[in-house]
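For reference, work.pdb (PDB, C-alpha atoms):
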```pdb
ATOM      1  CA  MET A   1      -0.443 -43.014  32.795
ATOM      2  CA  ASN A   2      -2.313 -45.994  31.448
ATOM      3  CA  GLU A   3      -2.584 -49.006  33.790
ATOM      4  CA  GLY A   4      -1.645 -50.982  30.688
ATOM      5  CA  VAL A   5       1.979 -49.935  31.296
ATOM      6  CA  GLU A   6       2.116 -52.050  34.468
ATOM      7  CA  TRP A   7       0.528 -54.992  32.628
ATOM      8  CA  ALA A   8       2.829 -54.615  29.642
ATOM      9  CA  VAL A   9       6.041 -54.555  31.674
ATOM     10  CA  HIS A  10       4.943 -57.573  33.733
ATOM     11  CA  SER A  11       4.106 -59.439  30.514
ATOM     12  CA  CYS A  12       7.538 -58.621  29.058
ATOM     13  CA  LEU A  13       9.206 -59.984  32.211
ATOM     14  CA  ASN A  14       7.162 -63.198  32.047
ATOM     15  CA  LEU A  15       7.830 -63.714  28.347
ATOM     16  CA  ALA A  16      11.550 -63.192  29.003
ATOM     17  CA  TRP A  17      11.515 -65.869  31.730
ATOM     18  CA  LEU A  18       9.570 -68.213  29.432
ATOM     19  CA  GLY A  19      12.190 -67.955  26.692
ATOM     20  CA  GLU A  20      11.367 -68.715  23.077
ATOM     21  CA  ARG A  21       7.859 -70.054  23.649
ATOM     22  CA  ALA A  22       4.897 -68.079  22.231
ATOM     23  CA  VAL A  23       2.186 -67.493  24.836
ATOM     24  CA  PRO A  24      -1.440 -66.577  24.007
ATOM     25  CA  ALA A  25      -2.789 -63.281  25.367
ATOM     26  CA  ALA A  26      -5.450 -65.206  27.318
ATOM     27  CA  ARG A  27      -2.756 -67.116  29.268
ATOM     28  CA  LEU A  28      -0.726 -63.993  29.985
ATOM     29  CA  ALA A  29      -3.931 -62.315  31.203
ATOM     30  CA  ALA A  30      -5.036 -65.276  33.339
ATOM     31  CA  PHE A  31      -1.743 -65.234  35.253
ATOM     32  CA  TYR A  32      -2.877 -61.916  36.802
ATOM     33  CA  GLU A  33      -6.660 -62.335  36.343
ATOM     34  CA  LEU A  34      -6.644 -59.421  33.894
ATOM     35  CA  PRO A  35      -9.310 -58.860  31.209
ATOM     36  CA  ALA A  36      -7.832 -60.752  28.232
ATOM     37  CA  ALA A  37      -9.277 -58.529  25.486
ATOM     38  CA  TYR A  38      -7.810 -55.408  27.070
ATOM     39  CA  LEU A  39      -4.409 -56.981  27.748
ATOM     40  CA  ASN A  40      -4.438 -58.202  24.142
ATOM     41  CA  LYS A  41      -4.664 -54.559  23.001
ATOM     42  CA  GLN A  42      -1.536 -53.716  24.995
ATOM     43  CA  LEU A  43       0.285 -56.758  23.611
ATOM     44  CA  GLN A  44      -0.675 -55.763  20.060
ATOM     45  CA  ALA A  45       0.713 -52.287  20.783
ATOM     46  CA  LEU A  46       3.979 -53.890  21.972
ATOM     47  CA  ALA A  47       4.061 -55.957  18.769
ATOM     48  CA  ARG A  48       3.585 -52.834  16.627
ATOM     49  CA  ALA A  49       6.555 -51.330  18.479
ATOM     50  CA  ASP A  50       8.665 -54.434  17.687
ATOM     51  CA  ILE A  51       8.980 -55.289  21.364
ATOM     52  CA  LEU A  52       6.953 -58.489  20.953
ATOM     53  CA  THR A  53       6.454 -60.811  18.010
ATOM     54  CA  SER A  54       2.940 -62.050  17.353
ATOM     55  CA  VAL A  55       2.969 -65.698  16.219
ATOM     56  CA  SER A  56      -0.199 -67.005  14.553
ATOM     57  CA  GLY A  57      -1.511 -70.582  14.470
ATOM     58  CA  PRO A  58      -2.585 -73.159  17.084
ATOM     59  CA  ARG A  59       0.713 -72.801  19.008
ATOM     60  CA  GLY A  60       0.692 -69.067  18.478
ATOM     61  CA  GLY A  61       0.809 -66.157  20.851
ATOM     62  CA  PHE A  62       3.372 -63.558  21.806
ATOM     63  CA  ARG A  63       7.062 -63.747  22.514
ATOM     64  CA  LEU A  64       9.778 -61.125  23.018
ATOM     65  CA  ALA A  65      11.047 -59.821  19.693
ATOM     66  CA  ARG A  66      14.428 -58.882  21.156
ATOM     67  CA  PRO A  67      16.533 -59.808  24.180
ATOM     68  CA  PRO A  68      15.287 -58.101  27.393
ATOM     69  CA  GLU A  69      18.573 -56.136  27.507
ATOM     70  CA  LYS A  70      17.373 -54.381  24.334
ATOM     71  CA  VAL A  71      13.943 -53.330  25.643
ATOM     72  CA  THR A  72      13.926 -50.210  27.814
ATOM     73  CA  LEU A  73      11.073 -49.065  30.037
ATOM     74  CA  MET A  74      10.880 -45.992  27.783
ATOM     75  CA  ASP A  75      10.200 -48.305  24.804
ATOM     76  CA  VAL A  76       7.308 -49.915  26.679
ATOM     77  CA  VAL A  77       5.838 -46.624  27.929
ATOM     78  CA  VAL A  78       5.970 -45.085  24.436
ATOM     79  CA  ALA A  79       4.396 -48.215  22.898
ATOM     80  CA  ILE A  80       1.474 -48.122  25.362
ATOM     81  CA  ASP A  81       1.006 -44.427  26.122
ATOM     82  CA  GLY A  82       2.456 -42.787  23.010
ATOM     83  CA  ASP A  83       5.179 -40.171  23.078
ATOM     84  CA  GLU A  84       3.157 -36.988  23.465
ATOM     85  CA  PRO A  85       4.685 -34.806  26.170
ATOM     86  CA  ALA A  86       2.694 -34.678  29.426
ATOM     87  CA  PHE A  87       2.926 -30.887  29.387
ATOM     88  CA  ARG A  88       1.399 -29.376  26.266
ATOM     89  CA  CYS A  89       2.142 -25.716  25.695
ATOM     90  CA  THR A  90      -0.847 -24.033  24.050
ATOM     91  CA  GLU A  91       1.051 -20.777  23.409
ATOM     92  CA  ILE A  92      -1.301 -18.597  25.424
ATOM     93  CA  ARG A  93       1.540 -16.066  25.388
ATOM     94  CA  GLN A  94       0.459 -15.229  21.810
ATOM     95  CA  ARG A  95      -3.109 -14.390  22.835
ATOM     96  CA  GLY A  96      -4.954 -11.321  24.088
ATOM     97  CA  GLY A  97      -2.941  -8.492  25.590
ATOM     98  CA  SER A  98       0.087 -10.751  25.804
ATOM     99  CA  GLY A  99       0.096 -11.387  22.045
ATOM    100  CA  GLY A 100       0.745  -9.191  19.052
ATOM    101  CA  GLY A 101       3.867  -7.168  18.497
ATOM    102  CA  ASP A 102       7.098  -8.618  17.185
ATOM    103  CA  ALA A 103       6.549 -12.010  15.493
ATOM    104  CA  ASP A 104      10.230 -12.805  16.064
ATOM    105  CA  ALA A 105       9.540 -12.946  19.783
ATOM    106  CA  TYR A 106       7.570 -16.171  19.338
ATOM    107  CA  ARG A 107      10.190 -17.938  17.246
ATOM    108  CA  LYS A 108      12.029 -18.721  20.470
ATOM    109  CA  PRO A 109      10.277 -21.455  22.462
ATOM    110  CA  CYS A 110       8.182 -20.377  25.437
ATOM    111  CA  ALA A 111      10.437 -20.427  28.528
ATOM    112  CA  ILE A 112       7.774 -22.315  30.500
ATOM    113  CA  ASP A 113       7.504 -24.978  27.805
ATOM    114  CA  ALA A 114      11.307 -25.271  27.724
ATOM    115  CA  ALA A 115      11.466 -25.699  31.512
ATOM    116  CA  MET A 116       8.753 -28.369  31.520
ATOM    117  CA  ARG A 117      10.397 -30.215  28.629
ATOM    118  CA  LYS A 118      13.708 -30.251  30.468
ATOM    119  CA  ALA A 119      11.991 -32.103  33.330
ATOM    120  CA  GLU A 120      10.288 -34.550  30.974
ATOM    121  CA  LEU A 121      13.627 -35.199  29.333
ATOM    122  CA  ALA A 122      15.057 -36.187  32.732
ATOM    123  CA  TRP A 123      12.135 -38.624  33.153
ATOM    124  CA  ARG A 124      12.635 -40.081  29.673
ATOM    125  CA  ARG A 125      16.369 -40.416  30.169
ATOM    126  CA  GLU A 126      15.790 -42.346  33.391
ATOM    127  CA  LEU A 127      13.274 -44.703  31.738
ATOM    128  CA  ALA A 128      15.552 -45.155  28.737
ATOM    129  CA  GLY A 129      18.367 -46.146  31.103
ATOM    130  CA  GLN A 130      16.429 -49.043  32.625
ATOM    131  CA  THR A 131      15.824 -52.217  30.620
ATOM    132  CA  VAL A 132      13.452 -55.139  31.118
ATOM    133  CA  ALA A 133      16.615 -57.147  31.891
ATOM    134  CA  ASP A 134      17.478 -54.721  34.722
ATOM    135  CA  VAL A 135      14.025 -55.179  36.260
ATOM    136  CA  MET A 136      14.380 -58.979  35.916
ATOM    137  CA  THR A 137      17.681 -58.796  37.785
ATOM    138  CA  THR A 138      16.060 -56.833  40.608
ATOM    139  CA  VAL A 139      13.191 -59.318  40.899
ATOM    140  CA  GLU A 140      15.571 -62.292  40.789
ATOM    141  CA  HIS A 141      17.567 -60.690  43.595
ATOM    142  CA  THR A 142      14.657 -59.789  45.893
ATOM    143  CA  ASN A 143      12.359 -62.743  45.043
ATOM    144  CA  PRO A 144      14.564 -65.519  43.648
ATOM    145  CA  GLY A 145      11.631 -67.939  43.343
ATOM    146  CA  VAL A 146       9.689 -65.868  40.811
ATOM    147  CA  PRO A 147      11.171 -67.114  37.498
ATOM    148  CA  ASP A 148      10.530 -70.786  38.437
ATOM    149  CA  LYS A 149       7.053 -69.950  39.683
ATOM    150  CA  VAL A 150       6.272 -68.305  36.334
ATOM    151  CA  ARG A 151       7.643 -71.258  34.333
ATOM    152  CA  ARG A 152       5.738 -73.806  36.435
ATOM    153  CA  TRP A 153       2.445 -71.930  36.134
ATOM    154  CA  PHE A 154       2.697 -71.527  32.362
ATOM    155  CA  ASP A 155       3.809 -75.198  31.990
ATOM    156  CA  ASP A 156       0.902 -76.469  34.104
ATOM    157  CA  THR A 157      -1.761 -74.420  32.346
ATOM    158  CA  ARG A 158      -0.442 -74.805  28.818
TER     159      ARG A 158
ATOM    160  CA  MET B   1      -1.123 -32.758  32.660
ATOM    161  CA  ASN B   2      -3.740 -30.092  33.234
ATOM    162  CA  GLU B   3      -3.605 -27.096  30.856
ATOM    163  CA  GLY B   4      -4.043 -25.078  34.054
ATOM    164  CA  VAL B   5      -0.335 -25.603  34.753
ATOM    165  CA  GLU B   6       0.600 -23.416  31.773
ATOM    166  CA  TRP B   7      -1.912 -20.764  32.869
ATOM    167  CA  ALA B   8      -0.745 -20.900  36.479
ATOM    168  CA  VAL B   9       2.942 -20.476  35.678
ATOM    169  CA  HIS B  10       2.223 -17.584  33.295
ATOM    170  CA  SER B  11       0.081 -15.925  35.984
ATOM    171  CA  CYS B  12       2.873 -16.307  38.551
ATOM    172  CA  LEU B  13       5.332 -14.655  36.140
ATOM    173  CA  ASN B  14       2.957 -11.755  35.506
ATOM    174  CA  LEU B  15       2.238 -11.248  39.203
ATOM    175  CA  ALA B  16       5.972 -11.244  39.875
ATOM    176  CA  TRP B  17       6.527  -8.523  37.238
ATOM    177  CA  LEU B  18       3.615  -6.525  38.671
ATOM    178  CA  GLY B  19       5.128  -6.484  42.155
ATOM    179  CA  GLU B  20       3.031  -5.942  45.248
ATOM    180  CA  ARG B  21      -0.209  -5.073  43.471
ATOM    181  CA  ALA B  22      -3.188  -7.461  43.841
ATOM    182  CA  VAL B  23      -4.744  -8.338  40.468
ATOM    183  CA  PRO B  24      -8.267  -9.744  40.014
ATOM    184  CA  ALA B  25      -8.613 -13.164  38.348
ATOM    185  CA  ALA B  26     -10.665 -11.573  35.547
ATOM    186  CA  ARG B  27      -7.748  -9.271  34.599
ATOM    187  CA  LEU B  28      -5.196 -12.074  34.712
ATOM    188  CA  ALA B  29      -7.527 -14.140  32.503
ATOM    189  CA  ALA B  30      -8.217 -11.291  30.043
ATOM    190  CA  PHE B  31      -4.491 -10.866  29.390
ATOM    191  CA  TYR B  32      -4.570 -14.273  27.618
ATOM    192  CA  GLU B  33      -8.299 -14.373  26.739
ATOM    193  CA  LEU B  34      -8.742 -17.323  29.111
ATOM    194  CA  PRO B  35     -12.072 -18.293  30.720
ATOM    195  CA  ALA B  36     -11.986 -16.289  33.969
ATOM    196  CA  ALA B  37     -13.959 -18.751  36.112
ATOM    197  CA  TYR B  38     -11.640 -21.594  35.224
ATOM    198  CA  LEU B  39      -8.454 -19.565  35.706
ATOM    199  CA  ASN B  40      -9.885 -18.451  39.051
ATOM    200  CA  LYS B  41     -10.000 -22.111  40.131
ATOM    201  CA  GLN B  42      -6.298 -22.476  39.345
ATOM    202  CA  LEU B  43      -5.487 -19.246  41.207
ATOM    203  CA  GLN B  44      -7.466 -20.463  44.234
ATOM    204  CA  ALA B  45      -5.456 -23.691  44.122
ATOM    205  CA  LEU B  46      -2.229 -21.637  44.093
ATOM    206  CA  ALA B  47      -3.534 -19.653  47.082
ATOM    207  CA  ARG B  48      -4.293 -22.874  48.995
ATOM    208  CA  ALA B  49      -0.688 -23.917  48.320
ATOM    209  CA  ASP B  50       0.579 -20.576  49.703
ATOM    210  CA  ILE B  51       2.022 -19.599  46.343
ATOM    211  CA  LEU B  52      -0.438 -16.713  45.952
ATOM    212  CA  THR B  53      -2.220 -14.557  48.499
ATOM    213  CA  SER B  54      -5.875 -13.812  47.875
ATOM    214  CA  VAL B  55      -6.733 -10.222  48.861
ATOM    215  CA  SER B  56     -10.415  -9.379  49.305
ATOM    216  CA  GLY B  57     -12.136  -6.003  48.851
ATOM    217  CA  PRO B  58     -12.574  -3.552  45.959
ATOM    218  CA  ARG B  59      -8.807  -3.399  45.322
ATOM    219  CA  GLY B  60      -8.533  -7.121  45.874
ATOM    220  CA  GLY B  61      -7.215  -9.943  43.755
ATOM    221  CA  PHE B  62      -4.150 -12.144  43.813
ATOM    222  CA  ARG B  63      -0.501 -11.445  44.414
ATOM    223  CA  LEU B  64       2.533 -13.672  44.935
ATOM    224  CA  ALA B  65       2.747 -14.873  48.534
ATOM    225  CA  ARG B  66       6.533 -15.306  48.354
ATOM    226  CA  PRO B  67       9.409 -14.028  46.208
ATOM    227  CA  PRO B  68       9.588 -15.820  42.810
ATOM    228  CA  GLU B  69      12.929 -17.329  43.890
ATOM    229  CA  LYS B  70      10.956 -19.285  46.485
ATOM    230  CA  VAL B  71       8.371 -20.781  44.107
ATOM    231  CA  THR B  72       9.528 -23.812  42.137
ATOM    232  CA  LEU B  73       7.787 -25.274  39.093
ATOM    233  CA  MET B  74       7.242 -28.402  41.209
ATOM    234  CA  ASP B  75       5.281 -26.270  43.725
ATOM    235  CA  VAL B  76       3.011 -25.008  40.928
ATOM    236  CA  VAL B  77       2.511 -28.441  39.317
ATOM    237  CA  VAL B  78       1.644 -30.031  42.682
ATOM    238  CA  ALA B  79      -0.766 -27.179  43.498
ATOM    239  CA  ILE B  80      -2.618 -27.595  40.196
ATOM    240  CA  ASP B  81      -2.310 -31.315  39.416
ATOM    241  CA  GLY B  82      -1.804 -32.830  42.874
ATOM    242  CA  ASP B  83       1.112 -35.041  43.813
ATOM    243  CA  GLU B  84      -0.196 -38.454  42.835
ATOM    244  CA  PRO B  85       2.453 -40.352  40.878
ATOM    245  CA  ALA B  86       1.739 -40.676  37.120
ATOM    246  CA  PHE B  87       2.441 -44.415  37.332
ATOM    247  CA  ARG B  88       0.158 -46.169  39.777
ATOM    248  CA  CYS B  89       1.147 -49.722  40.660
ATOM    249  CA  THR B  90      -1.977 -51.830  41.201
ATOM    250  CA  GLU B  91       0.022 -54.807  42.532
ATOM    251  CA  ILE B  92      -1.189 -57.252  39.889
ATOM    252  CA  ARG B  93       1.780 -59.396  40.974
ATOM    253  CA  GLN B  94      -0.336 -60.444  43.980
ATOM    254  CA  ARG B  95      -3.199 -61.723  41.804
ATOM    255  CA  GLY B  96      -4.065 -64.978  40.055
ATOM    256  CA  GLY B  97      -1.305 -67.476  39.400
ATOM    257  CA  SER B  98       1.280 -64.818  40.196
ATOM    258  CA  GLY B  99      -0.088 -64.288  43.711
ATOM    259  CA  GLY B 100      -0.236 -66.458  46.793
ATOM    260  CA  GLY B 101       2.764 -68.057  48.461
ATOM    261  CA  ASP B 102       5.091 -66.216  50.781
ATOM    262  CA  ALA B 103       3.525 -62.965  52.087
ATOM    263  CA  ASP B 104       7.048 -61.648  52.805
ATOM    264  CA  ALA B 105       7.687 -61.511  49.068
ATOM    265  CA  TYR B 106       5.257 -58.597  48.716
ATOM    266  CA  ARG B 107       6.757 -56.541  51.558
ATOM    267  CA  LYS B 108       9.453 -55.452  49.137
ATOM    268  CA  PRO B 109       8.154 -52.931  46.592
ATOM    269  CA  CYS B 110       7.398 -54.201  43.095
ATOM    270  CA  ALA B 111      10.543 -53.761  40.981
ATOM    271  CA  ILE B 112       8.501 -52.203  38.165
ATOM    272  CA  ASP B 113       6.958 -49.675  40.539
ATOM    273  CA  ALA B 114      10.427 -48.869  41.918
ATOM    274  CA  ALA B 115      11.811 -48.340  38.409
ATOM    275  CA  MET B 116       8.931 -46.056  37.400
ATOM    276  CA  ARG B 117       9.218 -44.075  40.630
ATOM    277  CA  LYS B 118      12.916 -43.556  40.040
ATOM    278  CA  ALA B 119      12.066 -41.871  36.723
ATOM    279  CA  GLU B 120       9.339 -39.733  38.293
ATOM    280  CA  LEU B 121      11.787 -38.677  40.972
ATOM    281  CA  ALA B 122      14.151 -37.421  38.251
ATOM    282  CA  TRP B 123      11.250 -35.395  36.776
ATOM    283  CA  ARG B 124      10.335 -33.975  40.188
ATOM    284  CA  ARG B 125      13.927 -33.133  40.998
ATOM    285  CA  GLU B 126      14.244 -31.216  37.731
ATOM    286  CA  LEU B 127      11.006 -29.259  38.360
ATOM    287  CA  ALA B 128      12.026 -28.577  41.954
ATOM    288  CA  GLY B 129      15.324 -27.164  40.680
ATOM    289  CA  GLN B 130      13.653 -24.510  38.505
ATOM    290  CA  THR B 131      11.982 -21.502  40.107
ATOM    291  CA  VAL B 132       9.565 -18.919  38.751
ATOM    292  CA  ALA B 133      12.503 -16.484  39.067
ATOM    293  CA  ASP B 134      14.601 -18.701  36.767
ATOM    294  CA  VAL B 135      11.857 -18.679  34.129
ATOM    295  CA  MET B 136      11.563 -14.871  34.475
ATOM    296  CA  THR B 137      15.314 -14.565  33.873
ATOM    297  CA  THR B 138      15.036 -16.657  30.703
ATOM    298  CA  VAL B 139      12.143 -14.570  29.376
ATOM    299  CA  GLU B 140      13.918 -11.300  30.241
ATOM    300  CA  HIS B 141      16.945 -12.545  28.335
ATOM    301  CA  THR B 142      15.150 -13.800  25.201
ATOM    302  CA  ASN B 143      12.333 -11.210  25.119
ATOM    303  CA  PRO B 144      13.531  -8.184  27.127
ATOM    304  CA  GLY B 145      10.363  -6.183  26.354
ATOM    305  CA  VAL B 146       7.977  -8.560  28.092
ATOM    306  CA  PRO B 147       8.035  -7.203  31.691
ATOM    307  CA  ASP B 148       7.277  -3.626  30.508
ATOM    308  CA  LYS B 149       4.582  -4.888  28.154
ATOM    309  CA  VAL B 150       2.918  -6.708  31.064
ATOM    310  CA  ARG B 151       3.116  -3.645  33.342
ATOM    311  CA  ARG B 152       1.744  -1.331  30.654
ATOM    312  CA  TRP B 153      -1.203  -3.622  29.844
ATOM    313  CA  PHE B 154      -2.199  -4.085  33.489
ATOM    314  CA  ASP B 155      -1.768  -0.325  34.133
ATOM    315  CA  ASP B 156      -3.912   0.622  31.122
ATOM    316  CA  THR B 157      -6.717  -1.830  31.907
ATOM    317  CA  ARG B 158      -6.789  -1.355  35.649
TER     318      ARG B 158
END
```
Hey, can you dump this file as structure tokens for me?
Amino acid sequence: MNEGVEWAVHSCLNLAWLGERAVPAARLAAFYELPAAYLNKQLQALARADILTSVSGPRGGFRLARPPEKVTLMDVVVAIDGDEPAFRCTEIRQRGGSGGGDADAYRKPCAIDAAMRKAELAWRRELAGQTVADVMTTVEHTNPGVPDKVRRWFDDTR
Amino acid sequence: MNEGVEWAVHSCLNLAWLGERAVPAARLAAFYELPAAYLNKQLQALARADILTSVSGPRGGFRLARPPEKVTLMDVVVAIDGDEPAFRCTEIRQRGGSGGGDADAYRKPCAIDAAMRKAELAWRRELAGQTVADVMTTVEHTNPGVPDKVRRWFDDTR
């Protein structure tokens, strides 16, 4: 998985704590000393997925396009990493000595592919069941000072 | 995920249908027209994980080291792909403006990392709950001719 997923989720949390304000990619990157051009690519991907809104102009930047309750971790992972399955069946069962014979036999999905997909579905379901708001709640519970720290830093370096 | 996972699971199924007989990597590869040297690497990895036994000598090759009921898909995936999590937290929360302050705050795991791990655990649990024997049962149900086809091909090309 792309390291951009970690960056993207953190950026969503920060934008949620910052409210309606649009924040430039360079500021979001500086908060973690990340390479701004590369974080900008992830933020553009989030904007294409309608998770962020990109605001142009001198006070422009990115802000959340929807409330954090409406952004799941699955949304973010798909925006950054795409939605290709991790396991890709290449249908080797149809090759060589294994192949040939009754074409009907291959209409039914490969049992290995089906088993792997079942596991990926469990992963997706879990990610789809956790929102950015849920992660915010966890952070606010374990480290109550974080939201204020974020707001202060982005105020001071505006 | 490594394409070797598909090859490895198929090879486990075939070895299970072939019973006690040791089969050379080249034969297992030829059944699907796979590159033998590369499949051999996957089979060696399965042997290191005690899923297969490597038998040396002129009648040597690989056979299952345990009954297929005792080999889960998680065992095979870990043998081939390792058990590193797909999401790797790089603790960017400790960097730049986000970092500093109370060291205690970072003793608790990052909430994003925890959320991603929860999803990976669901994936692992699902893979650990499906054995090679389960996949064999599915194949035998949907394509009852497969086990005999496998035995005939490996008998004829011995």
(message) Going by the chain IDs and residue numbers used in this file, which residues fall under the PyMOL selection byres ((chain A) within 6 of (chain B))? Write them as a list in words.
(response) Met1, Phe31, Tyr32, Glu33, Ala86, Phe87, Ile92, Arg95, Gly96, Gly97, Ser98, Ala119, Glu120, Ala122, Trp123, Glu126 and Leu127 of chain A
Could you take the residues named above and write them with C-alpha atoms, as a PDB file, in the coordinates of the input?
```
ATOM      1  CA  MET A   1      -0.443 -43.014  32.795  1.00  0.00           C
ATOM      2  CA  PHE A  31      -1.743 -65.234  35.253  1.00  0.00           C
ATOM      3  CA  TYR A  32      -2.877 -61.916  36.802  1.00  0.00           C
ATOM      4  CA  GLU A  33      -6.660 -62.335  36.343  1.00  0.00           C
ATOM      5  CA  ALA A  86       2.694 -34.678  29.426  1.00  0.00           C
ATOM      6  CA  PHE A  87       2.926 -30.887  29.387  1.00  0.00           C
ATOM      7  CA  ILE A  92      -1.301 -18.597  25.424  1.00  0.00           C
ATOM      8  CA  ARG A  95      -3.109 -14.390  22.835  1.00  0.00           C
ATOM      9  CA  GLY A  96      -4.954 -11.321  24.088  1.00  0.00           C
ATOM     10  CA  GLY A  97      -2.941  -8.492  25.590  1.00  0.00           C
ATOM     11  CA  SER A  98       0.087 -10.751  25.804  1.00  0.00           C
ATOM     12  CA  ALA A 119      11.991 -32.103  33.330  1.00  0.00           C
ATOM     13  CA  GLU A 120      10.288 -34.550  30.974  1.00  0.00           C
ATOM     14  CA  ALA A 122      15.057 -36.187  32.732  1.00  0.00           C
ATOM     15  CA  TRP A 123      12.135 -38.624  33.153  1.00  0.00           C
ATOM     16  CA  GLU A 126      15.790 -42.346  33.391  1.00  0.00           C
ATOM     17  CA  LEU A 127      13.274 -44.703  31.738  1.00  0.00           C
TER      18      LEU A 127
END
```
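The space separating CA of Arg48 (chain A) from CA of Arg21 (chain A) comes to 19.1 Å.
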(request) Just give me the gap between CA of Ile80 (chain A) and CA of Leu52 (chain A) in Å, one decimal is fine. (result)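 CA of Ile80 (chain A) sits 12.5 Å away from CA of Leu52 (chain A).
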(request) Figure out the distance between CA of Ala25 (chain B) and CA of His141 (chain B), please, to one decimal in Å. (result)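 Computed distance, CA of His141 (chain B) to CA of Ala25 (chain B), equals 27.5 Å.
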(request) Find the residues around Gln44 (chain A) up to 9 Å (all atoms listed in the file counted), leave out those fewer than 6 positions away in its own chain, and share them as JSON, numbers by chain. (result) {"A": [52, 53, 54, 62]}
